[in-house]
Amino acid sequence: MASDPSSGHTNFYRFVRRWLANPLGHHQHHHLRRSTSTGISSSYPRIIPRCPSSSSAQDRDRFRQETMILDVEGGILMSSSTFPYFMLVAMEAGGFLRGFIMLCVHLVLCCLAPLLPEEVKLKVMVMVCFFGLKEKKVARVARAALPKHFLEDVGMEGLEAVRGVKSVVGVSRVIPRVMVKPFLEDYLGVDVVVGREVKMIRGFYVGLLENMNDGRLELADLEGEEMIGFGSSSGYSGHDHHHIFSWCKEVYLVTPEEKRKWSPLPRDQYPKPLIFHDGRLAFRPTLQATLAMFIWLPFSLPLTIFRTLIFVTLPYPVSVAIGSVTGVRTRVINSPVGQAKPDHHPKNPKGHLYVCNHRTLLDPVYIAAMLNKKVSAVTYSVSRLSEWISPIPTIRLTRDRDEDRRRMEEALRQGDLVVCPEGTTCREPYLLRFSPLSLELVDEVYLVALVNWSDMFYGNSTGRSKWLDSFYYFMNPRPAYDVEFMDKMPTRMVVDGKTCESKHVANMVQGEIGRVLGFECTKFTRENKYLALAGNRGVVDANQ
């Protein structure tokens, strides 16, 4: 009779929680019994001071039939500091005030480091980070914001070791399970995640870090499993490490010196492509970087107001020039300004249709500034405040195809129109699926490729604070935009004697912009993005 795959995962989880929860002497008693049946003479695992990925080919073949107990902080992450991850939760789920308190508390703990045990410092950090936060907010940050920063901290050598075994049990000794579980399961394919929980009452965290304790569970379910351990030799003599690896026959421990030689994981080697992520912080919030951010904040607020006012009120050439003085960098490639104006097609005697990829809400504004003329832009689920402060006219779409078509046709009769067919922004070098509706309205379309950079805050989000997107973009010390005007493309094409359907034309437009930018084209949509990050279909309150 075939076994249920899910029962194996449950058995793993029960087994690891059990031997992490019970006293050390109880493990040793069973370990001696297991040693007799497996031929291992010692009650302690054999320590091997190297990364499993640097083992011999024979050992690597053997690993493919074994289960790995992975010390997450020691075996997969390059940095030894967990402060950035707690700061991300504090900032993204709790706001700037909680982040500032977290920074101050951490500085105090650093000063008292010789006097306080690591466990006390960890519990204080968890209390400051989690106290009073909603469970849903923390879960959203763990799912939408943390994986990006974890991936950027993964060592390529450590991931190779994880990929070379039959199954993996990830054990997080420091980072609470709620923070690391989505990353380990969704991106690394870890079978079971074990870690410390943070106490909750009625959906709110109270900030108390619980011990791993799942009661008394039997070991019969995993009898005969061969396990190896993988972690860092830093602090191995401590009780935590022995607890984690007490049931392994071998433990591979990478030294701090070897770990410093690890290479960051290249984007093209991510186990799963990082297409969507959320959160406002565009940098890794280390202690020094976080301190620099809070020093910058008092200067950024008046500067943001000034930058917004000049872009809203002044003529484009003046606003771009003044913006560059304040640190806003703009570069235009193949500017159409001053070039001979092409003849309009009789079917569309007034306006051009500009189609671009979508990076932030400011995309149409930058195109208008580089064209040095007024254009209209279509929007969907944009806040009323964003529409009100927009320096260009906006046309709100309804997601009703006939009505949207009518509104865009009316806008084209009145002048030029900018459309972002992706329907939502994408931060990474990917293009979402292009909607073909706007391409059905004209015989030729003008393509624009956009790239932007944010060194401190992202100017887009999927949360309830979307109305602050443009302000966050201008809060960056040196925000930058590249606007590249491409050759126009016909939308009525004949291939093999047949007229191309609009969806095929949309794919060609997407491919051409992706080729110029070096971005990868995908089939993902706005709905896919919001379901992955926000748990909804992307409809934002328009009255915000």
# chains A, B, ... in the order shown; residues from 1 in each chain; ligands from 1

$ closest_atom_pairs --of "region 437-459 of chain A" --to "region 261-282 of chain A" --cutoff "8 Å" --atoms "only C-alpha atoms" --output "CSV"
residue,atom,partner,partner_atom,distance
A:Ser454,CA,A:Ala282,CA,6.7
A:Asp455,CA,A:Ala282,CA,6.1
A:Met456,CA,A:Ala282,CA,5.0
A:Phe457,CA,A:Leu281,CA,4.9
A:Tyr458,CA,A:Arg280,CA,5.0
A:Gly459,CA,A:Arg280,CA,7.5

$ write_last_selection --atoms "N, CA, C and O atoms" --output "compact mmCIF listing (two decimals), in the first residue's frame"
# COMPACT_ATOMS: atom_id res chain seq x y z
N SER A 454 16.33 52.91 -6.62
CA SER A 454 16.04 53.46 -5.30
C SER A 454 17.06 52.89 -4.33
O SER A 454 17.18 51.67 -4.21
N ASP A 455 17.80 53.76 -3.66
CA ASP A 455 18.87 53.27 -2.79
C ASP A 455 18.44 53.11 -1.34
O ASP A 455 19.17 52.52 -0.54
N MET A 456 17.25 53.60 -0.96
CA MET A 456 16.81 53.49 0.43
C MET A 456 15.37 53.01 0.56
O MET A 456 15.09 52.11 1.35
N PHE A 457 14.44 53.58 -0.23
CA PHE A 457 13.03 53.22 -0.12
C PHE A 457 12.47 52.88 -1.50
O PHE A 457 12.79 53.56 -2.49
N TYR A 458 11.62 51.86 -1.54
CA TYR A 458 10.92 51.52 -2.78
C TYR A 458 9.74 52.46 -2.97
O TYR A 458 8.99 52.75 -2.04
N GLY A 459 9.56 52.91 -4.23
CA GLY A 459 8.47 53.81 -4.56
C GLY A 459 7.24 53.08 -5.07
O GLY A 459 6.46 53.67 -5.85

$ residues_around --residues "region 350-362 of chain A" --least-positions-apart "6" --cutoff "8 Å" --atoms "only C-alpha atoms" --output "VMD selection string"
chain A and resid 344 412 to 427 431 442 444 to 452 459 to 460 469 to 470 513

$ closest_residue --among "A:Lys249, A:Ile322, A:Pro436, A:Gly132" --to "Met200 (chain A)" --atoms "only C-alpha atoms"
A:Gly132

$ closest_residue --among "A:Lys523, A:Pro84, A:Phe434, A:Ile69" --to "Leu291 (chain A)" --atoms "only C-alpha atoms"
A:Pro84

$ closest_residue --among "A:Leu301, A:Cys521, A:Val198, A:Val165" --to "Leu432 (chain A)" --atoms "only C-alpha atoms"
A:Cys521

$ closest_residue --among "A:Tyr473, A:Tyr187, A:Phe131, A:Phe63" --to "Val89 (chain A)" --atoms "only C-alpha atoms"
A:Phe131

$ residues_around --residues "Arg399 (chain A)" --least-positions-apart "6" --cutoff "12 Å" --atoms "only C-alpha atoms" --output "PyMOL selection string"
chain A and resi 378-381+405-407+423+435+437+538-539
